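Source file: upload00.cif (mmCIF, C-alpha atoms)
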```cif
data_final
#
loop_
_atom_site.label_atom_id
_atom_site.label_comp_id
_atom_site.auth_asym_id
_atom_site.auth_seq_id
_atom_site.Cartn_x
_atom_site.Cartn_y
_atom_site.Cartn_z
CA MET M 836 -8.42 -18.92 17.77
CA ALA M 837 -8.00 -15.16 17.69
CA PHE M 838 -5.50 -15.16 20.56
CA THR M 839 -3.64 -18.11 19.03
CA LEU M 840 -3.28 -16.33 15.70
CA PHE M 841 -2.13 -13.18 17.48
CA ALA M 842 0.51 -15.21 19.34
CA LEU M 843 1.75 -16.52 15.98
CA ASP M 844 1.60 -13.12 14.26
CA ARG M 845 2.03 -10.15 16.61
CA THR M 846 1.97 -7.70 13.69
CA GLU M 847 -1.77 -8.27 13.10
CA SER M 848 -3.46 -6.46 15.99
CA ALA M 849 -6.93 -7.25 14.60
CA TYR M 850 -6.56 -10.78 16.00
CA LEU M 851 -6.07 -9.36 19.50
CA TRP M 852 -9.09 -7.06 19.33
CA LEU M 853 -11.31 -9.86 18.06
CA GLY M 854 -10.21 -12.04 20.98
CA VAL M 855 -11.06 -9.26 23.44
CA ASN M 856 -14.44 -8.83 21.75
CA CYS M 857 -15.17 -12.54 22.03
CA ILE M 858 -14.48 -12.34 25.76
CA VAL M 859 -17.01 -9.50 26.06
CA ILE M 860 -19.57 -11.54 24.09
CA LEU M 861 -18.94 -14.46 26.43
CA LEU M 862 -19.45 -12.19 29.45
CA VAL M 863 -22.75 -10.93 28.05
CA ILE M 864 -23.97 -14.52 27.69
CA ALA M 865 -22.55 -15.53 31.07
CA VAL M 866 -24.28 -12.69 32.92
CA GLY M 867 -27.63 -13.65 31.42
CA GLU M 868 -27.20 -17.33 32.23
CA VAL M 869 -26.03 -16.68 35.80
CA VAL M 870 -29.02 -14.46 36.51
CA PHE M 871 -31.44 -16.95 34.92
CA TYR M 872 -30.18 -20.07 36.71
CA THR M 873 -28.68 -18.74 39.97
CA THR M 874 -29.05 -16.00 42.55
CA TRP M 875 -25.36 -15.13 42.57
CA ILE M 876 -25.90 -11.71 40.97
CA PRO M 877 -28.95 -9.51 41.66
CA ALA M 878 -31.01 -8.97 38.53
CA MET M 879 -30.70 -5.19 38.80
CA VAL M 880 -26.90 -5.41 38.91
CA ALA M 881 -26.81 -7.85 36.01
CA VAL M 882 -29.02 -5.66 33.84
CA PHE M 883 -26.93 -2.61 34.66
CA LEU M 884 -23.68 -4.46 33.89
CA ARG M 885 -24.96 -5.88 30.61
CA ASP M 886 -26.79 -2.82 29.23
CA VAL M 887 -24.51 -0.05 30.50
CA VAL M 888 -21.05 -1.63 30.19
CA LEU M 889 -20.87 -4.80 28.11
CA LEU M 890 -23.25 -4.16 25.19
CA PRO M 891 -21.93 -0.67 24.31
CA LEU M 892 -18.37 -1.93 24.75
CA GLN M 893 -19.09 -4.85 22.43
CA MET M 894 -20.21 -2.50 19.66
CA ALA M 895 -17.17 -0.29 20.15
CA LEU M 896 -14.86 -3.31 20.02
CA TRP M 897 -16.44 -4.44 16.76
CA ILE M 898 -15.66 -1.04 15.27
CA VAL M 899 -12.08 -1.17 16.53
CA PHE M 900 -11.67 -4.70 15.18
CA TRP M 901 -12.87 -3.82 11.68
CA ALA M 902 -10.82 -0.62 11.68
CA ARG M 903 -7.73 -2.69 12.47
CA TRP M 904 -8.76 -5.30 9.94
CA PHE M 905 -8.97 -2.73 7.15
CA GLY M 906 -5.83 -0.87 8.25
CA LEU M 907 -7.63 2.26 9.47
CA GLU M 908 -6.12 2.25 12.97
CA GLY M 909 -4.02 5.32 12.20
CA LYS M 910 -7.07 7.61 12.11
CA VAL M 911 -7.01 9.45 15.44
CA GLY M 912 -10.42 11.02 14.79
CA LEU M 913 -12.02 7.58 14.52
CA ARG M 914 -10.67 6.47 17.90
CA ARG M 915 -11.80 9.67 19.57
CA ALA M 916 -15.27 9.48 18.01
CA VAL M 917 -15.77 5.87 19.11
CA GLY M 918 -14.54 6.63 22.63
CA ALA M 919 -16.79 9.67 22.98
CA LEU M 920 -19.89 7.85 21.64
CA LEU M 921 -19.20 4.86 23.89
CA ALA M 922 -18.89 7.05 27.00
CA LEU M 923 -22.02 9.08 26.20
CA GLN M 924 -24.09 5.97 25.43
CA ALA M 925 -22.96 4.30 28.66
CA ILE M 926 -23.89 7.41 30.69
CA GLY M 927 -27.26 7.76 28.98
CA THR M 928 -28.10 4.08 29.41
CA ALA M 929 -27.10 4.25 33.08
CA LEU M 930 -29.51 7.13 33.60
CA GLU M 931 -32.31 4.93 32.21
CA ARG M 932 -31.59 2.15 34.70
CA ALA M 933 -31.90 1.84 38.44
CA PRO M 934 -30.74 3.28 40.74
CA PHE M 935 -30.41 6.50 38.69
CA TYR M 936 -33.81 6.32 37.01
CA GLY M 937 -36.42 7.90 39.27
CA GLY M 938 -33.71 9.19 41.58
CA LEU M 939 -30.99 11.22 39.94
CA LEU M 940 -33.03 11.33 36.74
CA PRO M 941 -36.70 12.37 37.05
CA VAL M 942 -39.24 10.03 35.49
CA HIS M 943 -40.45 12.59 32.97
CA ALA M 944 -36.86 13.12 31.70
CA LEU M 945 -37.00 9.69 30.08
CA THR M 946 -38.90 11.25 27.18
CA TRP M 947 -35.73 12.96 25.97
CA VAL M 948 -33.00 10.72 27.43
CA SER M 949 -34.16 7.57 25.61
CA PRO M 950 -34.16 9.20 22.14
CA CYS M 951 -30.68 10.57 22.83
CA VAL M 952 -29.41 7.13 23.85
CA LEU M 953 -30.95 5.61 20.72
CA ALA M 954 -29.35 8.32 18.57
CA LEU M 955 -25.93 7.59 20.12
CA LYS M 956 -26.34 3.89 19.49
CA LEU M 957 -27.33 4.54 15.87
CA MET M 958 -24.32 6.81 15.49
CA LEU M 959 -22.05 3.95 16.54
CA GLY M 960 -23.75 1.84 13.87
CA ALA M 961 -23.10 4.61 11.35
CA VAL M 962 -19.42 4.60 12.30
CA LEU M 963 -19.32 0.84 11.75
CA LEU M 964 -20.86 1.29 8.29
CA TRP M 965 -18.34 4.03 7.50
CA VAL M 966 -15.46 1.73 8.50
CA ALA M 967 -16.87 -1.00 6.25
CA TYR M 968 -17.23 1.50 3.39
CA ARG M 969 -13.64 2.67 3.79
CA GLY M 970 -12.54 -0.95 3.91
CA VAL M 971 -14.23 -1.70 0.59
CA LEU M 972 -12.55 1.33 -0.97
CA LYS M 973 -9.14 0.31 0.38
CA ASN M 974 -9.36 -3.39 -0.46
CA ARG M 975 -12.37 -4.29 -2.53
CA THR M 976 -12.05 -8.08 -2.22
CA GLU M 977 -11.62 -8.18 1.56
CA GLY M 978 -14.21 -5.46 2.03
CA LEU M 979 -16.89 -7.31 0.07
CA LEU M 980 -16.09 -10.56 1.87
CA ALA M 981 -16.48 -8.79 5.21
CA LEU M 982 -19.80 -7.07 4.40
CA PRO M 983 -22.01 -10.09 5.35
CA ALA M 984 -20.29 -10.28 8.74
CA VAL M 985 -20.73 -6.53 9.28
CA ALA M 986 -24.44 -6.79 8.37
CA LEU M 987 -24.94 -9.67 10.81
CA ILE M 988 -23.18 -7.70 13.55
CA GLY M 989 -25.66 -4.91 12.92
CA VAL M 990 -28.57 -7.36 13.30
CA ALA M 991 -27.12 -8.69 16.56
CA GLN M 992 -26.50 -5.24 18.02
CA TYR M 993 -29.82 -3.71 16.98
CA GLU M 994 -32.14 -6.59 17.79
CA ARG M 995 -34.41 -4.44 19.99
CA GLU M 996 -34.63 -1.68 17.40
CA LEU M 997 -35.68 -4.20 14.74
CA GLN M 998 -38.80 -4.88 16.79
CA LEU M 999 -39.98 -1.35 15.96
CA PHE M 1000 -40.26 -2.49 12.35
CA HIS M 1001 -42.03 -5.71 13.43
CA ALA M 1002 -39.10 -7.80 12.29
CA PRO M 1003 -39.07 -11.34 13.77
CA ILE M 1004 -36.41 -11.67 16.45
CA LEU M 1005 -37.37 -15.07 17.91
CA PHE M 1006 -37.21 -18.36 16.05
CA PHE M 1007 -38.15 -21.89 17.11
CA ILE M 1008 -35.66 -24.46 15.89
CA PHE M 1009 -36.18 -28.12 16.83
CA GLY M 1010 -38.19 -27.07 19.85
CA TYR M 1011 -35.68 -24.50 21.06
CA THR M 1012 -36.17 -20.75 21.11
CA VAL M 1013 -33.30 -18.94 19.41
CA SER M 1014 -33.03 -15.16 19.13
CA ALA M 1015 -31.93 -13.17 16.11
CA ASN M 1016 -29.01 -11.91 18.20
CA GLN M 1017 -27.76 -15.45 18.82
CA ILE M 1018 -28.10 -16.47 15.18
CA ALA M 1019 -26.46 -13.31 13.86
CA THR M 1020 -23.61 -13.49 16.39
CA ALA M 1021 -22.86 -17.14 15.58
CA LEU M 1022 -22.97 -16.54 11.82
CA SER M 1023 -20.86 -13.39 11.99
CA LEU M 1024 -18.21 -15.12 14.12
CA GLY M 1025 -18.21 -18.02 11.67
CA ILE M 1026 -17.60 -15.70 8.73
CA VAL M 1027 -14.94 -13.79 10.66
CA THR M 1028 -13.21 -17.06 11.51
CA VAL M 1029 -12.99 -17.97 7.83
CA LEU M 1030 -11.63 -14.50 7.06
CA LEU M 1031 -9.08 -14.84 9.87
CA LEU M 1032 -7.77 -18.13 8.55
CA ARG M 1033 -7.71 -16.76 5.00
CA ARG M 1034 -5.62 -13.75 6.03
CA PHE M 1035 -3.33 -15.81 8.25
CA LEU M 1036 -2.60 -18.34 5.49
CA HIS M 1037 -2.01 -15.51 3.02
CA ALA M 1038 0.42 -13.88 5.47
CA GLN M 1039 2.24 -17.19 5.90
CA ARG M 1040 2.59 -17.55 2.12
CA MET M 1041 3.94 -14.00 1.89
CA ARG M 1042 6.44 -14.69 4.67
CA GLU M 1043 7.62 -17.82 2.92
CA GLN M 1044 8.01 -15.91 -0.33
CA TRP M 1045 9.91 -13.19 1.51
CA ARG M 1046 12.12 -15.81 3.17
CA LEU M 1047 12.97 -17.30 -0.22
CA GLU M 1048 13.80 -13.85 -1.61
CA ILE M 1049 16.07 -13.18 1.37
CA GLU M 1050 17.75 -16.54 0.85
CA GLN M 1051 18.29 -15.76 -2.84
CA ALA M 1052 19.75 -12.37 -1.90
CA ARG M 1053 22.04 -14.10 0.59
CA GLN M 1054 23.23 -16.50 -2.10
CA VAL M 1055 23.89 -13.59 -4.46
CA GLN M 1056 25.82 -11.78 -1.73
CA GLN M 1057 27.91 -14.86 -1.07
CA VAL M 1058 29.04 -14.66 -4.68
CA LEU M 1059 29.85 -10.94 -4.34
CA ILE M 1060 31.77 -11.29 -1.06
CA PRO M 1061 34.91 -13.32 -1.76
CA GLU M 1062 35.06 -16.51 0.27
CA GLU M 1063 38.74 -17.09 -0.50
CA ILE M 1064 41.40 -14.41 -0.41
CA PRO M 1065 43.73 -14.52 -3.43
CA SER M 1066 47.37 -15.37 -2.79
CA ILE M 1067 49.60 -12.41 -3.71
CA PRO M 1068 53.39 -12.75 -3.51
CA GLY M 1069 54.96 -10.46 -0.91
CA PHE M 1070 51.79 -10.07 1.16
CA THR M 1071 49.66 -11.98 3.63
CA LEU M 1072 45.95 -11.22 3.56
CA GLU M 1073 43.15 -12.15 5.98
CA SER M 1074 39.47 -11.38 5.94
CA GLU M 1075 36.51 -11.97 8.24
CA TYR M 1076 32.92 -11.12 7.32
CA ARG M 1077 30.03 -11.62 9.78
CA PRO M 1078 26.66 -10.11 8.81
CA SER M 1079 24.23 -9.28 11.60
CA GLN M 1080 21.30 -10.57 9.52
CA GLN M 1081 20.88 -13.04 6.69
CA VAL M 1082 22.02 -10.37 4.26
CA GLY M 1083 24.35 -7.55 5.17
CA GLY M 1084 25.30 -4.04 4.17
CA ASP M 1085 29.10 -4.47 4.38
CA PHE M 1086 31.21 -5.28 1.35
CA PHE M 1087 34.84 -5.72 0.42
CA GLN M 1088 36.84 -6.66 -2.64
CA ILE M 1089 40.48 -7.68 -3.07
CA ILE M 1090 41.57 -7.53 -6.69
CA PRO M 1091 45.16 -8.57 -7.52
CA GLY M 1092 46.99 -6.83 -10.34
CA ALA M 1093 49.19 -8.34 -13.01
CA ASP M 1094 52.09 -6.20 -11.71
CA GLY M 1095 51.90 -7.73 -8.22
CA SER M 1096 49.81 -4.89 -6.78
CA ILE M 1097 46.70 -5.14 -4.62
CA LEU M 1098 43.46 -3.19 -5.01
CA ALA M 1099 41.51 -3.47 -1.75
CA ILE M 1100 38.11 -1.91 -1.20
CA ILE M 1101 35.94 -2.03 1.91
CA GLY M 1102 32.67 -0.25 2.60
CA ASP M 1103 29.38 -0.07 4.44
CA VAL M 1104 25.91 0.75 3.14
CA SER M 1105 23.40 2.62 5.30
CA GLY M 1106 20.45 0.54 6.44
CA LYS M 1107 20.04 -3.19 6.75
CA GLY M 1108 18.23 -6.07 5.13
CA LEU M 1109 17.35 -6.68 1.51
CA ARG M 1110 17.47 -3.04 0.45
CA ALA M 1111 21.03 -2.65 1.72
CA ALA M 1112 22.02 -5.93 0.09
CA MET M 1113 20.75 -4.75 -3.29
CA LEU M 1114 22.81 -1.56 -2.98
CA VAL M 1115 25.85 -3.67 -2.10
CA SER M 1116 25.32 -5.62 -5.33
CA LEU M 1117 25.23 -2.37 -7.30
CA ILE M 1118 28.42 -1.05 -5.70
CA VAL M 1119 30.41 -4.26 -6.05
CA GLY M 1120 29.37 -4.56 -9.69
CA ALA M 1121 30.48 -0.98 -10.33
CA VAL M 1122 33.82 -1.56 -8.55
CA ARG M 1123 34.60 -4.65 -10.60
CA THR M 1124 33.75 -2.87 -13.83
CA LEU M 1125 35.83 0.20 -13.00
CA ALA M 1126 38.78 -1.94 -11.87
CA LYS M 1127 39.11 -3.20 -15.46
CA PHE M 1128 39.91 0.32 -16.64
CA THR M 1129 41.74 1.94 -13.73
CA ARG M 1130 43.59 0.98 -10.56
CA ASP M 1131 43.48 4.48 -9.12
CA PRO M 1132 41.49 4.41 -5.83
CA VAL M 1133 40.28 7.99 -6.31
CA GLU M 1134 38.99 7.31 -9.81
CA ILE M 1135 37.22 4.15 -8.65
CA LEU M 1136 35.45 5.92 -5.79
CA ARG M 1137 34.56 8.84 -8.05
CA GLY M 1138 33.08 6.45 -10.62
CA VAL M 1139 31.02 4.62 -7.98
CA ASN M 1140 29.79 7.94 -6.62
CA GLU M 1141 28.62 9.04 -10.08
CA ARG M 1142 26.65 5.82 -10.50
CA LEU M 1143 24.98 6.14 -7.10
CA CYS M 1144 24.04 9.82 -7.14
CA GLY M 1145 20.47 10.40 -8.23
CA GLN M 1146 19.49 6.75 -7.74
CA LEU M 1147 19.25 6.69 -3.94
CA LYS M 1148 16.52 8.33 -1.88
CA ASP M 1149 17.77 8.17 1.68
CA GLN M 1150 20.74 5.82 1.42
CA PHE M 1151 24.46 6.30 1.08
CA ALA M 1152 27.64 4.26 1.33
CA THR M 1153 30.97 4.80 3.02
CA CYS M 1154 33.96 3.33 1.25
CA LEU M 1155 37.73 3.04 1.60
CA ALA M 1156 39.85 2.10 -1.41
CA LEU M 1157 43.58 1.55 -1.50
CA ARG M 1158 46.16 0.33 -3.97
CA ILE M 1159 49.33 -1.30 -2.71
CA ALA M 1160 52.11 -1.64 -5.24
CA ALA M 1161 54.52 -4.55 -5.17
CA ASP M 1162 57.18 -2.27 -3.61
CA GLY M 1163 54.82 -1.29 -0.77
CA LYS M 1164 53.83 2.15 -2.03
CA THR M 1165 50.22 2.62 -0.97
CA THR M 1166 47.61 5.08 -2.22
CA ILE M 1167 44.48 5.48 -0.08
CA ALA M 1168 41.19 7.20 -0.94
CA ASN M 1169 38.47 7.56 1.64
CA ALA M 1170 34.78 8.42 1.24
CA GLY M 1171 33.41 8.82 4.76
CA HIS M 1172 34.71 5.47 5.99
CA LEU M 1173 36.67 4.57 9.13
CA PRO M 1174 40.41 5.09 8.61
CA PRO M 1175 42.56 1.95 8.60
CA PHE M 1176 44.97 1.04 11.39
CA PHE M 1177 48.63 1.12 10.41
CA ASN M 1178 50.87 -0.98 12.66
CA GLY M 1179 48.27 -0.75 15.43
CA ARG M 1180 47.74 3.01 15.13
CA GLU M 1181 44.80 4.73 13.46
CA LEU M 1182 45.85 6.61 10.35
CA ALA M 1183 44.96 10.29 10.15
CA LEU M 1184 43.15 10.66 6.83
CA SER M 1185 41.41 13.69 5.43
CA GLY M 1186 37.69 13.04 5.45
CA SER M 1187 35.40 13.06 2.42
CA MET M 1188 31.67 12.76 2.01
CA PRO M 1189 30.09 9.30 1.70
CA LEU M 1190 29.17 8.05 -1.75
CA GLY M 1191 25.77 8.73 -3.28
CA ILE M 1192 25.12 12.16 -1.74
CA VAL M 1193 26.87 14.80 -3.87
CA GLU M 1194 27.99 13.89 -7.38
CA SER M 1195 30.85 16.39 -7.51
CA ALA M 1196 32.11 15.73 -3.96
CA PRO M 1197 35.93 15.87 -3.82
CA ILE M 1198 37.76 12.71 -2.79
CA GLU M 1199 41.12 13.18 -1.11
CA GLN M 1200 43.96 10.68 -1.29
CA SER M 1201 46.86 9.86 0.97
CA THR M 1202 50.05 7.87 0.44
CA LEU M 1203 52.31 5.81 2.64
CA LEU M 1204 54.97 3.16 2.27
CA LEU M 1205 54.51 -0.36 3.60
CA GLU M 1206 57.88 -1.68 4.69
CA PRO M 1207 58.37 -5.41 5.18
CA GLY M 1208 56.53 -6.36 8.37
CA ASP M 1209 54.14 -3.40 8.24
CA ARG M 1210 50.45 -4.20 8.43
CA LEU M 1211 47.16 -2.50 7.65
CA ILE M 1212 43.80 -3.33 9.24
CA LEU M 1213 40.68 -2.24 7.36
CA LEU M 1214 37.32 -2.53 9.09
CA THR M 1215 33.71 -1.39 9.22
CA ASP M 1216 31.93 0.45 12.02
CA GLY M 1217 30.12 -2.71 13.16
CA ILE M 1218 33.16 -3.36 15.38
CA VAL M 1219 33.36 -0.05 17.23
CA GLU M 1220 29.52 0.14 17.45
CA ALA M 1221 29.13 -3.27 19.09
CA GLN M 1222 27.25 -2.92 22.39
CA ASN M 1223 27.04 -5.09 25.47
CA LYS M 1224 23.99 -5.52 27.72
CA GLN M 1225 24.95 -2.38 29.65
CA ARG M 1226 24.78 -0.44 26.35
CA GLU M 1227 28.53 0.20 26.41
CA LEU M 1228 30.21 0.56 23.03
CA PHE M 1229 33.12 -1.64 22.04
CA GLY M 1230 34.74 1.60 20.94
CA PHE M 1231 38.08 2.63 19.50
CA ILE M 1232 40.07 2.04 22.69
CA ARG M 1233 39.37 -1.71 22.74
CA LEU M 1234 39.90 -1.85 18.98
CA GLY M 1235 43.22 -0.02 19.30
CA GLU M 1236 44.41 -2.46 21.96
CA LEU M 1237 43.64 -5.40 19.69
CA ALA M 1238 45.38 -3.72 16.78
CA LEU M 1239 48.52 -3.06 18.86
CA GLN M 1240 48.55 -6.72 19.92
CA ASP M 1241 48.75 -7.67 16.24
CA SER M 1242 45.46 -9.57 16.51
CA SER M 1243 44.19 -11.46 13.49
CA SER M 1244 41.04 -10.50 11.63
CA VAL M 1245 39.23 -13.46 13.20
CA GLU M 1246 40.26 -12.41 16.71
CA ILE M 1247 39.08 -8.82 16.18
CA ALA M 1248 35.74 -9.89 14.69
CA THR M 1249 35.18 -12.46 17.44
CA ALA M 1250 35.95 -9.96 20.19
CA ALA M 1251 33.40 -7.48 18.81
CA GLN M 1252 30.78 -10.16 18.18
CA GLU M 1253 31.08 -11.61 21.69
CA PHE M 1254 30.92 -8.08 23.14
CA GLY M 1255 27.52 -7.60 21.47
CA GLN M 1256 27.13 -7.44 17.70
CA GLU M 1257 24.67 -4.78 16.51
CA ASP M 1258 25.72 -4.35 12.88
CA ASP M 1259 27.64 -6.17 10.17
CA ILE M 1260 31.29 -6.84 10.98
CA THR M 1261 34.05 -6.89 8.37
CA VAL M 1262 37.81 -6.96 8.97
CA LEU M 1263 40.62 -7.06 6.40
CA ARG M 1264 44.24 -7.47 7.46
CA ILE M 1265 47.04 -6.85 4.95
CA GLN M 1266 50.70 -7.33 5.87
CA ARG M 1267 53.73 -6.94 3.69
CA ILE M 1268 56.29 -9.65 4.24
CA GLY M 1269 60.01 -9.23 3.66
CA ILE M 1270 62.36 -11.09 1.38
CA ASP M 1271 63.32 -13.56 4.09
CA ALA M 1272 59.72 -14.32 4.88
CA ARG M 1273 58.94 -14.85 1.22
CA SER M 1274 61.89 -17.20 0.83
CA ALA M 1275 60.79 -19.16 3.89
CA THR M 1276 57.29 -19.42 2.51
CA THR M 1277 58.61 -20.62 -0.87
CA ASP M 1278 60.89 -23.21 0.78
#
```
Can I see the file as structure tokens?
Amino acid sequence: MAFTLFALDRTESAYLWLGVNCIVILLVIAVGEVVFYTTWIPAMVAVFLRDVVLLPLQMALWIVFWARWFGLEGKVGLRRAVGALLALQAIGTALERAPFYGGLLPVHALTWVSPCVLALKLMLGAVLLWVAYRGVLKNRTEGLLALPAVALIGVAQYERELQLFHAPILFFIFGYTVSANQIATALSLGIVTVLLLRRFLHAQRMREQWRLEIEQARQVQQVLIPEEIPSIPGFTLESEYRPSQQVGGDFFQIIPGADGSILAIIGDVSGKGLRAAMLVSLIVGAVRTLAKFTRDPVEILRGVNERLCGQLKDQFATCLALRIAADGKTTIANAGHLPPFFNGRELALSGSMPLGIVESAPIEQSTLLLEPGDRLILLTDGIVEAQNKQRELFGFIRLGELALQDSSSVEIATAAQEFGQEDDITVLRIQRIGIDARSATTD
């Protein structure tokens, strides 16, 4: 069950360590049964293997399992302490057994070796209790539920030591002799199994809740990213948006003006996933609000930057905004974003800082004139950063070739995606059409 759960949830390493521990427990039982019923393994070898290797390892694995269970695996000192105690106990126990006892170790030395080995074993038990204590402090409910299992593990591991206090370690049940170790091991594994299933089902519920939240974020983003491009006389517009995950960090807006102008904005948020999607929602909402009061690209980017500064910890956004008048006069403002391609050639724009970093960062603007037939391609870095299996970048050279070939937004996005999409891909293509073209379209 432990290995099955680990196969279903690789993020929970406690499942793996429990499975390894169960194998060690099985080996301890198997060694005893083989020696009792067969002559395959000499008794001296079996005792050495069980007492020196398997039993100390079993205790250490229990500590590792509970440390992983309670989320204490990051403590380097704990791992070192368990490793050192395990090695010392194994060495001390080996000295008490043949062939070392009476040979390498004199007989009279047993008077101080045995107490040392017992002290090391008790220290491992103390570490287990400390892990349980830290687990209760970290998660009271799970810690208290695990305490009975931890106590039973202690009974199973210290069965011989309990005899010193005249505690019963053998029981007769329905005519069969059962040891305290067997009872405690079975009960502890039963409790741990219940705890495993409880945690696994809780994790599944959390994943389902997270999946629903991602789906809701995706639906919200679908509303923010325009599915249909508005029809604006004198221009042809294309767009292609392909997120790398369910929700993306790219965004764009095309807002037509009453005077026949176009306000186009494209950008990219640092990071991926739900956090990036929430920032996209904030930016798009700010853009739409600002567009009601101004059509100046610089003012819009400056307003978005003011809203973002002070609200982001380690995120930022690149953004390109441009306004194209009905006569083709174009004003472009750039905040750390990739420059657009003008008639297949990359425009040389003065760079500015991304949004959300410095509130008073200057934003430069550039102007150009779109003649009939001229075209602009706006895009995000998901195209040039696409990588194939050889880790080669799609790069600006391939992008420039597509732009010179007057490729559509779909063709550019498809080429980058098939090359090896790593990030969100967004392409906008804006072309001004002449009087003849407009007449033909009207006819």
Here atom CA of M:Gln1200 and atom CA of M:Asn1169 stand apart by 7.0 Å
Give me the result of the PyMOL selection byres ((chain M and resi 1068-1083) around 6) on this file, residue by residue, as an MDAnalysis selection string. chainID M and resid 1053 1067 1084:1085 1108 1112 1244:1245 1258:1268
Enter the distance from atom CA of M:Leu851 to atom CA of M:Ala837, in Å, rounded to one decimal.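 These atoms are spaced 6.4 Å apart.
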Counting all atoms listed in the file, figure out which residue out of M:Leu861, M:Leu972, M:Val952, M:Val866 gets nearest to M:Phe905.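 Using all atoms listed in the file, M:Phe905 sits closest to M:Leu972.
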At a cut-off of 10 Å, using only C-alpha atoms, what residues contact M:Arg932? Leave out same-chain residues fewer than 3 positions from it and give the result as a ChimeraX atom specification. /M:879-880,882-883,886-887,927-929,935-937,940
Kindly indicate which residue among M:Thr1124, M:Ser1185, M:Phe841, M:Gly918 lies nearest to M:Glu1199, using all atoms listed in the file for the distances. M:Ser1185
Determine the residue set returned by the PyMOL selection byres ((chain M and resi 1003-1008) around 12) for the present structure, and present it as a PyMOL selection string. chain M and resi 990-1002+1009-1019
